[in-house]
Structures are given as structure tokens and as C-alpha cells.
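Everything below belongs to start.cif, which stores mmCIF, C-alpha atoms and all ligand atoms.
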```cif
data_coords
#
loop_
_atom_site.label_atom_id
_atom_site.label_comp_id
_atom_site.auth_asym_id
_atom_site.auth_seq_id
_atom_site.Cartn_x
_atom_site.Cartn_y
_atom_site.Cartn_z
CA SER A 1 -10.10 -17.53 -16.96
CA VAL A 2 -8.29 -14.37 -18.05
CA ILE A 3 -8.95 -11.36 -15.80
CA LEU A 4 -7.91 -7.86 -16.82
CA ALA A 5 -7.52 -5.58 -13.78
CA ILE A 6 -7.28 -1.80 -13.52
CA GLU A 7 -5.91 0.15 -10.53
CA SER A 8 -6.19 3.96 -10.52
CA SER A 9 -6.93 4.92 -6.91
CA CYS A 10 -4.11 7.42 -6.43
CA ASP A 11 -1.26 8.54 -8.68
CA ASP A 12 -0.25 5.33 -10.47
CA THR A 13 -2.10 3.86 -13.45
CA SER A 14 -1.69 0.12 -13.39
CA VAL A 15 -3.09 -2.75 -15.48
CA ALA A 16 -2.54 -6.45 -14.83
CA ILE A 17 -3.61 -9.75 -16.32
CA CYS A 18 -4.40 -12.83 -14.23
CA ASN A 19 -4.42 -16.03 -16.27
CA ASN A 20 -5.94 -18.94 -14.29
CA GLY A 21 -4.68 -17.51 -11.00
CA LYS A 22 -1.20 -16.55 -12.29
CA ILE A 23 -0.22 -12.91 -12.83
CA THR A 24 1.16 -12.76 -16.37
CA ALA A 25 1.39 -8.95 -16.67
CA ASN A 26 1.59 -6.12 -14.15
CA VAL A 27 2.29 -2.80 -15.84
CA ILE A 28 2.61 0.35 -13.71
CA ALA A 29 2.71 3.84 -15.22
CA ASN A 30 4.12 6.07 -12.47
CA GLN A 31 3.22 9.75 -12.37
CA THR A 32 6.27 11.90 -11.77
CA ILE A 33 4.49 15.26 -12.06
CA HIS A 34 3.64 15.31 -8.32
CA GLU A 35 7.29 15.33 -7.22
CA ASN A 36 7.34 19.09 -7.79
CA TYR A 37 4.47 19.67 -5.36
CA GLY A 38 5.45 17.59 -2.31
CA GLY A 39 2.28 15.52 -2.59
CA VAL A 40 -0.32 14.20 -5.02
CA ILE A 41 -2.43 16.88 -6.73
CA PRO A 42 -5.80 15.18 -7.41
CA GLU A 43 -6.72 17.20 -10.51
CA LEU A 44 -3.38 16.46 -12.14
CA ALA A 45 -3.55 12.79 -11.15
CA SER A 46 -6.89 12.17 -12.89
CA ARG A 47 -5.72 13.94 -16.04
CA VAL A 48 -2.56 11.84 -16.23
CA HIS A 49 -4.62 8.65 -15.64
CA GLN A 50 -6.64 9.59 -18.73
CA GLN A 51 -3.46 9.91 -20.77
CA ASN A 52 -1.96 6.67 -19.41
CA ILE A 53 -4.86 4.26 -19.35
CA VAL A 54 -5.03 3.23 -23.03
CA PRO A 55 -1.28 2.65 -23.54
CA THR A 56 -1.05 0.84 -20.17
CA ILE A 57 -3.87 -1.54 -21.18
CA ALA A 58 -2.16 -2.18 -24.52
CA GLN A 59 1.18 -2.89 -22.83
CA ALA A 60 -0.40 -5.33 -20.33
CA LEU A 61 -2.15 -7.28 -23.11
CA LYS A 62 1.12 -7.43 -25.00
CA ASN A 63 3.17 -8.56 -21.97
CA ALA A 64 0.65 -11.29 -21.15
CA ASN A 65 0.46 -12.31 -24.80
CA VAL A 66 -3.35 -12.17 -24.90
CA THR A 67 -5.89 -10.23 -26.96
CA LYS A 68 -9.04 -8.39 -25.86
CA GLN A 69 -11.11 -11.34 -27.09
CA ASP A 70 -9.37 -13.67 -24.60
CA ILE A 71 -10.54 -11.70 -21.55
CA SER A 72 -13.18 -13.32 -19.33
CA ALA A 73 -13.87 -10.42 -16.95
CA VAL A 74 -12.70 -6.92 -16.00
CA ALA A 75 -11.77 -6.13 -12.37
CA PHE A 76 -11.28 -2.58 -11.14
CA THR A 77 -10.58 -0.63 -7.94
CA GLN A 78 -13.86 0.90 -6.78
CA GLY A 79 -12.30 2.60 -3.74
CA PRO A 80 -11.06 3.93 -1.41
CA GLY A 81 -8.96 6.58 -3.11
CA LEU A 82 -9.11 9.90 -4.93
CA PHE A 83 -12.51 10.25 -6.59
CA GLY A 84 -11.24 11.72 -9.88
CA SER A 85 -8.52 9.07 -10.17
CA LEU A 86 -10.94 6.22 -9.40
CA LEU A 87 -13.43 7.62 -11.92
CA VAL A 88 -10.99 7.13 -14.81
CA GLY A 89 -10.41 3.44 -13.98
CA VAL A 90 -14.05 2.69 -13.15
CA SER A 91 -15.37 4.36 -16.34
CA PHE A 92 -12.81 2.59 -18.48
CA ALA A 93 -13.58 -0.79 -16.88
CA LYS A 94 -17.32 -0.31 -17.44
CA SER A 95 -16.93 0.63 -21.11
CA PHE A 96 -14.52 -2.24 -21.68
CA ALA A 97 -16.89 -4.79 -20.11
CA LEU A 98 -19.85 -3.38 -22.03
CA ALA A 99 -18.02 -3.45 -25.36
CA LEU A 100 -16.80 -7.02 -24.88
CA ASN A 101 -20.00 -8.19 -23.16
CA ILE A 102 -18.09 -9.68 -20.19
CA PRO A 103 -18.69 -9.39 -16.42
CA LEU A 104 -17.40 -6.58 -14.19
CA ILE A 105 -15.76 -7.16 -10.80
CA SER A 106 -15.46 -4.48 -8.12
CA VAL A 107 -12.43 -4.65 -5.82
CA ASN A 108 -11.73 -2.83 -2.55
CA HIS A 109 -8.18 -1.44 -2.72
CA MET A 110 -7.44 -2.28 0.94
CA HIS A 111 -8.60 -5.90 0.51
CA ALA A 112 -6.39 -6.10 -2.57
CA HIS A 113 -3.25 -4.95 -0.70
CA ILE A 114 -3.79 -7.98 1.59
CA LEU A 115 -4.79 -10.39 -1.17
CA ALA A 116 -1.47 -9.66 -2.91
CA HIS A 117 -0.27 -12.50 -0.66
CA PHE A 118 -2.17 -14.95 -2.85
CA ILE A 119 -0.18 -14.13 -5.98
CA ASP A 120 3.01 -16.09 -5.25
CA ASP A 121 3.98 -18.96 -2.94
CA PRO A 122 4.19 -19.33 0.01
CA LYS A 123 0.58 -18.28 0.60
CA PRO A 124 -0.86 -17.80 4.09
CA THR A 125 -3.73 -19.99 5.28
CA PHE A 126 -6.79 -18.60 7.06
CA PRO A 127 -7.01 -17.13 9.61
CA PHE A 128 -3.98 -14.82 9.61
CA LEU A 129 -3.20 -11.30 10.76
CA CYS A 130 -2.11 -8.64 8.30
CA LEU A 131 -0.51 -5.30 9.13
CA THR A 132 -1.47 -3.07 6.22
CA VAL A 133 0.75 0.01 6.13
CA SER A 134 0.32 2.38 3.22
CA GLY A 135 0.13 6.03 2.25
CA GLY A 136 -3.42 6.44 3.54
CA HIS A 137 -3.98 3.55 5.95
CA THR A 138 -2.47 1.73 8.93
CA GLN A 139 -4.54 -1.28 9.89
CA ILE A 140 -4.21 -4.58 11.69
CA VAL A 141 -6.62 -6.90 9.94
CA LEU A 142 -7.90 -10.30 11.04
CA VAL A 143 -8.26 -12.18 7.74
CA ARG A 144 -10.70 -15.09 8.07
CA ASP A 145 -11.20 -15.69 4.36
CA TYR A 146 -10.57 -13.95 1.02
CA PHE A 147 -13.38 -11.46 1.56
CA ASP A 148 -14.09 -11.98 5.25
CA MET A 149 -11.78 -9.50 6.96
CA GLU A 150 -12.08 -7.42 10.12
CA ILE A 151 -10.07 -4.36 11.14
CA VAL A 152 -8.96 -4.97 14.74
CA GLY A 153 -6.71 -1.90 15.03
CA GLU A 154 -6.08 1.20 12.94
CA THR A 155 -4.60 4.67 13.04
CA LEU A 156 -6.56 7.41 14.75
CA ASP A 157 -4.87 10.11 12.64
CA ASP A 158 -1.95 9.85 10.18
CA ALA A 159 -0.97 6.66 8.36
CA ALA A 160 2.51 5.13 8.73
CA GLY A 161 3.30 6.10 5.13
CA GLU A 162 2.33 9.68 5.94
CA ALA A 163 4.65 9.63 8.95
CA PHE A 164 7.46 8.67 6.56
CA ASP A 165 6.45 11.15 3.86
CA LYS A 166 5.86 14.09 6.22
CA THR A 167 9.17 13.52 7.99
CA ALA A 168 10.88 13.36 4.60
CA LYS A 169 9.27 16.69 3.72
CA ILE A 170 10.68 18.26 6.90
CA LEU A 171 14.06 16.86 5.83
CA GLN A 172 13.49 18.46 2.40
CA LEU A 173 13.51 15.15 0.57
CA PRO A 174 11.24 14.92 -2.52
CA TYR A 175 7.82 13.21 -2.50
CA PRO A 176 7.22 10.35 -1.77
CA GLY A 177 9.94 10.38 0.86
CA GLY A 178 9.40 6.92 2.38
CA PRO A 179 11.79 5.10 0.03
CA LEU A 180 14.42 7.84 0.49
CA ILE A 181 14.29 7.61 4.28
CA ASP A 182 14.77 3.86 3.86
CA LYS A 183 17.81 4.49 1.61
CA HIS A 184 19.52 6.96 3.98
CA ALA A 185 18.65 4.80 7.01
CA LYS A 186 20.81 2.01 5.62
CA ASN A 187 23.92 4.08 6.47
CA GLY A 188 22.72 5.47 9.79
CA ASN A 189 22.48 4.52 13.45
CA PRO A 190 18.88 3.59 14.36
CA LEU A 191 19.53 4.35 18.03
CA ALA A 192 21.10 7.79 17.50
CA TYR A 193 17.96 9.75 18.49
CA LYS A 194 14.81 8.91 20.38
CA PHE A 195 11.36 10.39 19.65
CA ALA A 196 8.22 10.45 21.78
CA GLU A 197 6.26 7.23 21.29
CA PRO A 198 2.49 7.53 21.15
CA GLN A 199 0.68 6.12 24.18
CA ILE A 200 -2.41 4.54 22.68
CA ALA A 201 -4.27 1.73 24.39
CA ASP A 202 -5.67 -1.31 22.48
CA LEU A 203 -4.50 -2.08 18.95
CA ASN A 204 -4.82 1.42 17.48
CA PHE A 205 -2.08 3.74 16.29
CA SER A 206 -1.37 7.47 16.28
CA PHE A 207 1.35 9.18 14.27
CA SER A 208 0.46 12.87 14.36
CA GLY A 209 2.12 13.56 17.73
CA PHE A 210 5.12 11.52 16.69
CA LYS A 211 5.57 13.65 13.58
CA THR A 212 5.30 16.85 15.66
CA SER A 213 7.93 15.55 18.10
CA ILE A 214 10.33 15.04 15.19
CA LEU A 215 9.62 18.54 13.92
CA TYR A 216 10.34 20.16 17.31
CA PHE A 217 13.44 18.02 17.82
CA LEU A 218 14.87 19.12 14.46
CA ARG A 219 14.00 22.80 15.01
CA LYS A 220 15.80 22.76 18.34
CA LYS A 221 18.87 21.04 16.90
CA GLU A 222 18.94 23.45 13.97
CA GLN A 223 19.04 26.40 16.34
CA GLU A 224 22.24 24.97 17.80
CA ASN A 225 23.64 23.96 14.41
CA PRO A 226 22.05 25.18 11.16
CA ASN A 227 23.61 22.25 9.30
CA PHE A 228 22.29 19.66 11.73
CA ILE A 229 20.04 17.90 9.20
CA ALA A 230 22.58 17.79 6.39
CA GLU A 231 25.34 16.55 8.70
CA ASN A 232 23.23 13.86 10.38
CA LEU A 233 20.75 12.86 7.68
CA ASN A 234 21.56 9.14 7.80
CA ASP A 235 21.24 8.92 11.60
CA ILE A 236 18.01 10.95 11.58
CA CYS A 237 16.49 8.71 8.89
CA ALA A 238 17.62 5.52 10.63
CA SER A 239 16.21 6.71 13.98
CA VAL A 240 12.87 7.84 12.52
CA GLN A 241 12.49 4.58 10.63
CA HIS A 242 13.42 2.52 13.68
CA SER A 243 10.86 4.38 15.82
CA ILE A 244 8.04 3.92 13.31
CA VAL A 245 8.87 0.23 12.88
CA GLN A 246 8.93 -0.32 16.66
CA ILE A 247 5.51 1.33 17.03
CA LEU A 248 4.09 -0.92 14.31
CA LEU A 249 5.66 -4.13 15.55
CA SER A 250 4.73 -3.66 19.20
CA LYS A 251 1.02 -3.49 18.21
CA LEU A 252 1.39 -6.42 15.88
CA LYS A 253 2.91 -8.43 18.73
CA LYS A 254 -0.02 -7.48 20.94
CA ALA A 255 -2.54 -8.51 18.27
CA ALA A 256 -0.82 -11.86 17.66
CA LYS A 257 -1.05 -12.61 21.36
CA GLN A 258 -4.64 -11.41 21.71
CA PHE A 259 -5.89 -13.53 18.79
CA ASN A 260 -3.44 -16.37 19.36
CA ILE A 261 -2.40 -16.28 15.72
CA SER A 262 1.14 -16.89 14.54
CA GLN A 263 0.69 -16.44 10.79
CA ILE A 264 1.57 -12.79 10.27
CA ALA A 265 1.59 -10.82 7.02
CA ILE A 266 2.47 -7.25 6.09
CA ALA A 267 1.07 -5.35 3.10
CA GLY A 268 0.92 -1.90 1.50
CA GLY A 269 3.64 0.51 0.37
CA VAL A 270 5.44 0.70 3.72
CA SER A 271 5.84 -3.10 3.70
CA ALA A 272 8.60 -2.40 1.16
CA ASN A 273 10.59 -0.78 3.98
CA SER A 274 13.78 -2.70 4.69
CA GLY A 275 13.76 -1.84 8.40
CA LEU A 276 10.25 -3.21 8.81
CA ARG A 277 11.03 -6.33 6.78
CA ASN A 278 14.23 -7.07 8.75
CA ASP A 279 12.82 -6.37 12.20
CA LEU A 280 9.66 -8.36 11.47
CA GLN A 281 11.77 -11.33 10.44
CA LYS A 282 13.80 -11.06 13.67
CA LEU A 283 10.64 -10.88 15.76
CA ALA A 284 9.25 -13.87 13.88
CA ASP A 285 12.34 -15.96 14.68
CA GLU A 286 12.01 -14.99 18.32
CA LEU A 287 8.27 -15.67 18.61
CA ASN A 288 8.02 -18.57 16.16
CA TRP A 289 5.79 -16.69 13.75
CA GLU A 290 5.38 -17.68 10.15
CA VAL A 291 5.69 -14.36 8.30
CA PHE A 292 4.55 -13.35 4.83
CA ILE A 293 6.27 -10.43 3.16
CA PRO A 294 5.12 -9.42 -0.33
CA ALA A 295 7.48 -9.13 -3.31
CA PHE A 296 8.45 -5.47 -3.83
CA GLN A 297 6.31 -5.01 -6.94
CA TYR A 298 3.20 -6.00 -4.97
CA CYS A 299 3.78 -3.69 -1.96
CA THR A 300 3.01 -0.26 -3.43
CA ASP A 301 -0.01 0.26 -5.65
CA ASN A 302 -0.25 -2.22 -8.51
CA ALA A 303 -3.01 -3.90 -10.52
CA GLY A 304 -1.58 -7.38 -9.85
CA MET A 305 -3.24 -7.29 -6.44
CA ILE A 306 -6.52 -6.14 -8.02
CA ALA A 307 -6.28 -8.96 -10.55
CA ILE A 308 -5.81 -11.69 -7.91
CA ALA A 309 -8.68 -10.27 -5.84
CA GLY A 310 -10.76 -10.17 -9.03
CA TYR A 311 -9.86 -13.76 -9.81
CA HIS A 312 -11.14 -14.95 -6.41
CA LYS A 313 -14.39 -13.02 -6.95
CA PHE A 314 -14.67 -14.48 -10.46
CA LEU A 315 -14.52 -17.98 -8.95
CA LYS A 316 -17.54 -17.03 -6.81
CA ASN A 317 -19.41 -15.34 -9.70
CA ASP A 318 -19.34 -12.15 -7.64
CA PHE A 319 -20.06 -9.54 -10.33
CA VAL A 320 -21.41 -5.97 -10.39
CA GLY A 321 -23.61 -4.09 -12.88
CA GLN A 322 -23.13 -1.02 -15.05
CA ASP A 323 -24.71 1.16 -12.33
CA ILE A 324 -21.53 0.89 -10.22
CA SER A 325 -19.66 4.10 -9.33
CA PRO A 326 -16.39 4.95 -7.51
CA LYS A 327 -16.37 5.27 -3.74
CA ALA A 328 -13.66 7.60 -2.42
CA ARG A 329 -14.44 6.46 1.13
CA MET A 330 -15.32 2.85 0.54
CA GLU A 331 -16.31 0.88 3.65
CA PHE A 332 -13.98 -1.99 4.49
CA ARG A 333 -16.52 -4.84 4.58
P1 LIG B 401 -3.64 3.59 0.34
O1 LIG B 401 -3.29 2.21 -0.10
O2 LIG B 401 -3.76 3.72 1.82
O3 LIG B 401 -4.81 4.14 -0.39
P2 LIG B 401 -1.49 4.49 -1.29
O4 LIG B 401 -2.12 3.57 -2.26
O5 LIG B 401 -1.14 5.87 -1.71
O6 LIG B 401 -2.41 4.56 -0.01
P3 LIG B 401 0.72 2.69 -1.28
O7 LIG B 401 1.04 2.83 -2.72
O8 LIG B 401 0.27 1.38 -0.81
O9 LIG B 401 -0.22 3.83 -0.70
O10 LIG B 401 2.02 3.11 -0.47
C1 LIG B 401 2.64 4.35 -0.67
C2 LIG B 401 3.34 4.71 0.62
O11 LIG B 401 4.39 3.78 0.89
C3 LIG B 401 3.99 6.09 0.60
O12 LIG B 401 3.69 6.74 1.82
C4 LIG B 401 5.48 5.75 0.51
O13 LIG B 401 6.33 6.72 1.10
C5 LIG B 401 5.53 4.46 1.28
N1 LIG B 401 6.72 3.66 0.96
C6 LIG B 401 7.04 3.06 -0.20
N2 LIG B 401 8.25 2.44 -0.12
C7 LIG B 401 8.70 2.66 1.15
C8 LIG B 401 9.88 2.30 1.86
N3 LIG B 401 10.84 1.57 1.30
N4 LIG B 401 10.00 2.72 3.14
C9 LIG B 401 9.02 3.45 3.72
N5 LIG B 401 7.91 3.84 3.10
C10 LIG B 401 7.73 3.45 1.83
FE FE B 402 -2.49 1.56 -1.88
#
```
Any chance you could give the structure as C-alpha cells?
Amino acid sequence: SVILAIESSCDDTSVAICNNGKITANVIANQTIHENYGGVIPELASRVHQQNIVPTIAQALKNANVTKQDISAVAFTQGPGLFGSLLVGVSFAKSFALALNIPLISVNHMHAHILAHFIDDPKPTFPFLCLTVSGGHTQIVLVRDYFDMEIVGETLDDAAGEAFDKTAKILQLPYPGGPLIDKHAKNGNPLAYKFAEPQIADLNFSFSGFKTSILYFLRKKEQENPNFIAENLNDICASVQHSIVQILLSKLKKAAKQFNISQIAIAGGVSANSGLRNDLQKLADELNWEVFIPAFQYCTDNAGMIAIAGYHKFLKNDFVGQDISPKARMEFR
């Protein structure tokens, strides 16, 4: 089978090809326009998706060395995400499938972040736990099968990616700030400063109070020294990153114990974070976990993950009709 997959849930237009379970193209057209605004502007995002979608499809077909006539099915992100952005991908997928008279496959973006682990070896076996940390979500998911997943813990307010991005904004770093915090953290002391850790029972998370504690800390320091941020940027970034990673890993540890599972995966944009990757590996050595960390190109939004999810639905003949529409707040199950 040859699956063409389209991802357009936020600000990146991505098209991938999955040829008999192997990803043979994964083209991502990044939108840089939002950097000027400190966040994604939905109206601009959907307009740029419209400009990008046709050339991105053409590039993916070229990279995979296939033609439109070779395609067996079209997979697309139905949600969750920005409605206008999703609409571009969903409409394109529907027209494409109609024109070529091939089946349509709907994919949940949050399932796809996890299923990115089935692109390359080593692949986890079921059941495993996945910590999905992205720009909009922070979830601990019990994965029983490809499409049998249960959220066992999640954030009650901000996502981990938002904690990174909002802190970066306070530090006057451009959007999205997560990767920049990671970069500066590499030259800083992770134990330089301590921030209030959220006290949440069970397996849930909270990052809004944490973010506020950073804001107050910096305001106070700046009153003493107006150049505090500039002079200590690396230490601040390293400490913020370390705190976020510790919050994430302590819940993951709790979940592993509770479910008696030692196959642990991470997914989503924040799984690209070097602090998280390193500390998870250390914890794994200590606790005898088998960990699964995605390749960088499959952490942040990409159509490769939509293509592999689509492939596994294709194998089950799990198709949708032309009456399908985007779901900004798509349910997880
Ligand atoms: P969702 O998947 O929840 O709908 P999204 O698709 O916008 O949200 P992703 O593309 O999965 O999110 O991830 C983007 C997030 O990942 C941003 O918040 C970004 O700052 C963060 N991120 C990316 N790389 C890193 C990094 N190296 N360190 C920390 N954060 C990072
Ligand atoms: Fe995402």
C-alpha cells in the first residue's frame, strides 16, 4: 500500500508517504510568519496552509518517487487543532480521495504523536506508557493497542510546551521558545534556581502556577539588578528546564509503578528536549525501564506520524466517508 498523509493541525503544513509501512517522504513546510507575534495567529496559519499545501504534496510525491496514481489511500489529521488549519488539510484530503476514487482515513493528532514510535525500530510492544508532551497537551497514556489508548493523567491547565514557550516569552526569546530554552540550558547550571513545584495528587499535572512563580521570581530579581535576565540567561533556562523535566518524570515514575509497566515512551514536541531525553535515559537505567525516544523529525508536528497511523487503519479497512469534517476539540478515544 501507498498512503499519502496530510497534517495541518497548527502552523506547519506537512505531507508524508508511507510505502508498505515505511516512511519514504516526510516534508514539512514551517510557517515563520508567527515569530513576529509571539504565538500562532489562527487566521494567518490557515491562509499559509492554503499556499503551502499543493507544493508540499508535490514535493512529498517527488521525494518518495511515486505518482498520484500509485496512492492507495489518503490519511489526514481530523483533530484536535485549530479549526481553520484543520479545514485546509481535511478539505484537500477529501477532494484528493474523491478525484482518485480511493479511501479516506481520519487520524487523531494525539494518537499519531504516540504512533510515531511505530515508524522506526526499536518499536515498543503493547502495553506501554507514553508521556505525550506538546504545545497543547501533557498526557500520560496507557497504550494497549494501536487505537486502544487511555489517558491516565493529564494537565489541568497549561501544557508542558506552553510552560516552555511562556517562560521563553518572559525571557524575551522569540516564539516558539522551547528549543531556545533547550539551547541556552546546555551552558547553564540546572540547580542554580529553584521554582515552586505544583502539588497535584494522582497522575495529573499543573503548569500555570509554576509559570507564575517564574514570573514573580524574575520580577523580583530584576528589581535588584535590571540586567539579571541577560546576565544569567543560561542558568535561568537550565533551571526552568530542569524543573519542568523533574515534574514530568516524577509523574511518569508514579504511573510506571501504578501500572507495573516498564516500557516507557515519550512523544510530542517537548520530547525533542535534550534535558528530558537525558534525564529519562538516566531514570531508565536506574529503574530498568526500556525507553523509546522518537527521532527528532517525528517529535514536533509532522505527517510521518499521520502516515503510520493511517497505515495501521488501512490494514483494518478503517475508512471514513466524504461527510467527515474537522474537529478542533476531538475526543481522545
Ligand atoms: P499539540 O500536539 O498538543 O496539538 P502542537 O502540535 O502545537 O500541539 P508540537 O508540534 O507537538 O505541538 O510541539 C510543539 C511544542 O514543542 C512547542 O511548545 C515547542 O516549544 C516545544 N518544543 C519543541 N522542541 C523543544 C525543545 N527542544 N525543548 C523544549 N520544548 C520544545
Ligand atoms: Fe502536535
Taking only C-alpha atoms and all ligand atoms into account, produce a table as a Markdown table in which each residue of chain A with an atom at most 7 Å from an atom of ligand LIG 401 (chain B) appears once, together with its shortest atom pair and the distance in Å to one decimal, ordered by chain and rising number.
```
| residue | atom | partner | partner_atom | distance |
| --- | --- | --- | --- | --- |
| A:Ser9 | CA | B:LIG401 | O4 | 6.8 |
| A:Cys10 | CA | B:LIG401 | O5 | 5.8 |
| A:Pro80 | CA | B:LIG401 | O3 | 6.3 |
| A:Gly81 | CA | B:LIG401 | O3 | 5.5 |
| A:His109 | CA | B:LIG401 | O1 | 6.6 |
| A:Met110 | CA | B:LIG401 | O1 | 6.2 |
| A:Ser134 | CA | B:LIG401 | O10 | 4.1 |
| A:Gly135 | CA | B:LIG401 | O12 | 3.7 |
| A:Gly136 | CA | B:LIG401 | O2 | 3.2 |
| A:His137 | CA | B:LIG401 | O2 | 4.1 |
| A:Gly161 | CA | B:LIG401 | O12 | 3.4 |
| A:Glu162 | CA | B:LIG401 | O12 | 5.2 |
| A:Phe164 | CA | B:LIG401 | O13 | 5.9 |
| A:Asp165 | CA | B:LIG401 | O13 | 5.2 |
| A:Pro176 | CA | B:LIG401 | O13 | 4.7 |
| A:Gly177 | CA | B:LIG401 | O13 | 5.1 |
| A:Gly178 | CA | B:LIG401 | O13 | 3.3 |
| A:Pro179 | CA | B:LIG401 | C8 | 3.9 |
| A:Ile181 | CA | B:LIG401 | N4 | 6.6 |
| A:Asp182 | CA | B:LIG401 | N4 | 5.0 |
| A:Gly268 | CA | B:LIG401 | O8 | 4.1 |
| A:Gly269 | CA | B:LIG401 | O10 | 3.2 |
| A:Val270 | CA | B:LIG401 | N5 | 4.0 |
| A:Ser271 | CA | B:LIG401 | C7 | 6.9 |
| A:Ala272 | CA | B:LIG401 | N3 | 4.6 |
| A:Asn273 | CA | B:LIG401 | N3 | 3.6 |
| A:Ser274 | CA | B:LIG401 | N3 | 6.2 |
| A:Cys299 | CA | B:LIG401 | O8 | 6.3 |
| A:Thr300 | CA | B:LIG401 | O7 | 3.7 |
| A:Asp301 | CA | B:LIG401 | O7 | 4.0 |
```
Create the file for the chosen residues now, containing C-alpha atoms and written as a PDB file, keeping the file's coordinate frame.
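Result file is selection-v3.pdb:
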```pdb
ATOM      1  CA  SER A   9      -6.930   4.920  -6.910  1.00  0.00           C
ATOM      2  CA  CYS A  10      -4.110   7.420  -6.430  1.00  0.00           C
ATOM      3  CA  PRO A  80     -11.060   3.930  -1.410  1.00  0.00           C
ATOM      4  CA  GLY A  81      -8.960   6.580  -3.110  1.00  0.00           C
ATOM      5  CA  HIS A 109      -8.180  -1.440  -2.720  1.00  0.00           C
ATOM      6  CA  MET A 110      -7.440  -2.280   0.940  1.00  0.00           C
ATOM      7  CA  SER A 134       0.320   2.380   3.220  1.00  0.00           C
ATOM      8  CA  GLY A 135       0.130   6.030   2.250  1.00  0.00           C
ATOM      9  CA  GLY A 136      -3.420   6.440   3.540  1.00  0.00           C
ATOM     10  CA  HIS A 137      -3.980   3.550   5.950  1.00  0.00           C
ATOM     11  CA  GLY A 161       3.300   6.100   5.130  1.00  0.00           C
ATOM     12  CA  GLU A 162       2.330   9.680   5.940  1.00  0.00           C
ATOM     13  CA  PHE A 164       7.460   8.670   6.560  1.00  0.00           C
ATOM     14  CA  ASP A 165       6.450  11.150   3.860  1.00  0.00           C
ATOM     15  CA  PRO A 176       7.220  10.350  -1.770  1.00  0.00           C
ATOM     16  CA  GLY A 177       9.940  10.380   0.860  1.00  0.00           C
ATOM     17  CA  GLY A 178       9.400   6.920   2.380  1.00  0.00           C
ATOM     18  CA  PRO A 179      11.790   5.100   0.030  1.00  0.00           C
ATOM     19  CA  ILE A 181      14.290   7.610   4.280  1.00  0.00           C
ATOM     20  CA  ASP A 182      14.770   3.860   3.860  1.00  0.00           C
ATOM     21  CA  GLY A 268       0.920  -1.900   1.500  1.00  0.00           C
ATOM     22  CA  GLY A 269       3.640   0.510   0.370  1.00  0.00           C
ATOM     23  CA  VAL A 270       5.440   0.700   3.720  1.00  0.00           C
ATOM     24  CA  SER A 271       5.840  -3.100   3.700  1.00  0.00           C
ATOM     25  CA  ALA A 272       8.600  -2.400   1.160  1.00  0.00           C
ATOM     26  CA  ASN A 273      10.590  -0.780   3.980  1.00  0.00           C
ATOM     27  CA  SER A 274      13.780  -2.700   4.690  1.00  0.00           C
ATOM     28  CA  CYS A 299       3.780  -3.690  -1.960  1.00  0.00           C
ATOM     29  CA  THR A 300       3.010  -0.260  -3.430  1.00  0.00           C
ATOM     30  CA  ASP A 301      -0.010   0.260  -5.650  1.00  0.00           C
TER      31      ASP A 301
END
```
- [ ] Point out the residue among A:Ala267, A:Val74, A:Leu280, A:Leu173 with the least atom-to-atom distance to Ile229 of chain A, counting all atoms listed in the file.
- [x]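 Closest candidate: A:Leu173.
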With all atoms listed in the file counted and 9 Å as the cut-off, give the residues of segment 213-303 of chain A in contact with segment 14-26 of chain A, each with its shortest interatomic distance in Å and the pair that gives it, as a tab-separated table.
```
residue	atom	partner	partner_atom	distance
A:Gln297	CA	A:Asn26	CA	8.7
A:Asp301	CA	A:Ser14	CA	7.9
A:Asn302	CA	A:Ser14	CA	5.6
A:Ala303	CA	A:Ala16	CA	5.0
```
Task: Atom-to-atom span, atom CA of Phe147 of chain A and atom CA of Leu115 of chain A, Å - done: 9.1 Å
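All residues of protein, DNA or RNA that reach within 6 Å of segment 101-105 of chain A, judged by all atoms listed in the file and not counting those fewer than 5 positions away in the chain, are Ala73, Val74, Ala75, Phe319 and Val320 of chain A.
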What's around segment 195-208 of chain A at 7 Å? Count all atoms listed in the file, leave out sequence neighbours fewer than 2 positions away in its own chain, and write the answer as a CSV table (one decimal) with C-alpha atoms, keeping the file's coordinate frame.
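The result, written out as result_31.csv:
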```
chain,number,residue,atom,x,y,z
A,152,VAL,CA,-9.0,-5.0,14.7
A,153,GLY,CA,-6.7,-1.9,15.0
A,154,GLU,CA,-6.1,1.2,12.9
A,155,THR,CA,-4.6,4.7,13.0
A,156,LEU,CA,-6.6,7.4,14.8
A,157,ASP,CA,-4.9,10.1,12.6
A,158,ASP,CA,-2.0,9.8,10.2
A,159,ALA,CA,-1.0,6.7,8.4
A,160,ALA,CA,2.5,5.1,8.7
A,163,ALA,CA,4.6,9.6,9.0
A,193,TYR,CA,18.0,9.8,18.5
A,210,PHE,CA,5.1,11.5,16.7
A,211,LYS,CA,5.6,13.6,13.6
A,212,THR,CA,5.3,16.8,15.7
A,213,SER,CA,7.9,15.6,18.1
A,214,ILE,CA,10.3,15.0,15.2
A,251,LYS,CA,1.0,-3.5,18.2
A,255,ALA,CA,-2.5,-8.5,18.3
```
Open item on the list: Which residues are close to segment 322-333 of chain A, i.e. within 7 Å by only C-alpha atoms, leaving aside same-chain residues fewer than 6 positions away? Reply as a ChimeraX atom specification.
Closed with: /A:78-83,86-87,90,94
Hey, could you make a per-residue contact list for segment 229-332 of chain A against segment 185-188 of chain A with 7 Å as the cut-off, showing the nearest pair of atoms and its distance in Å to one decimal, counting all atoms listed in the file, sorted by chain and number, as a tab-separated table?
```
residue	atom	partner	partner_atom	distance
A:Asn234	CA	A:Gly188	CA	4.3
A:Asp235	CA	A:Gly188	CA	4.2
A:Cys237	CA	A:Ala185	CA	4.8
A:Ala238	CA	A:Ala185	CA	3.8
```
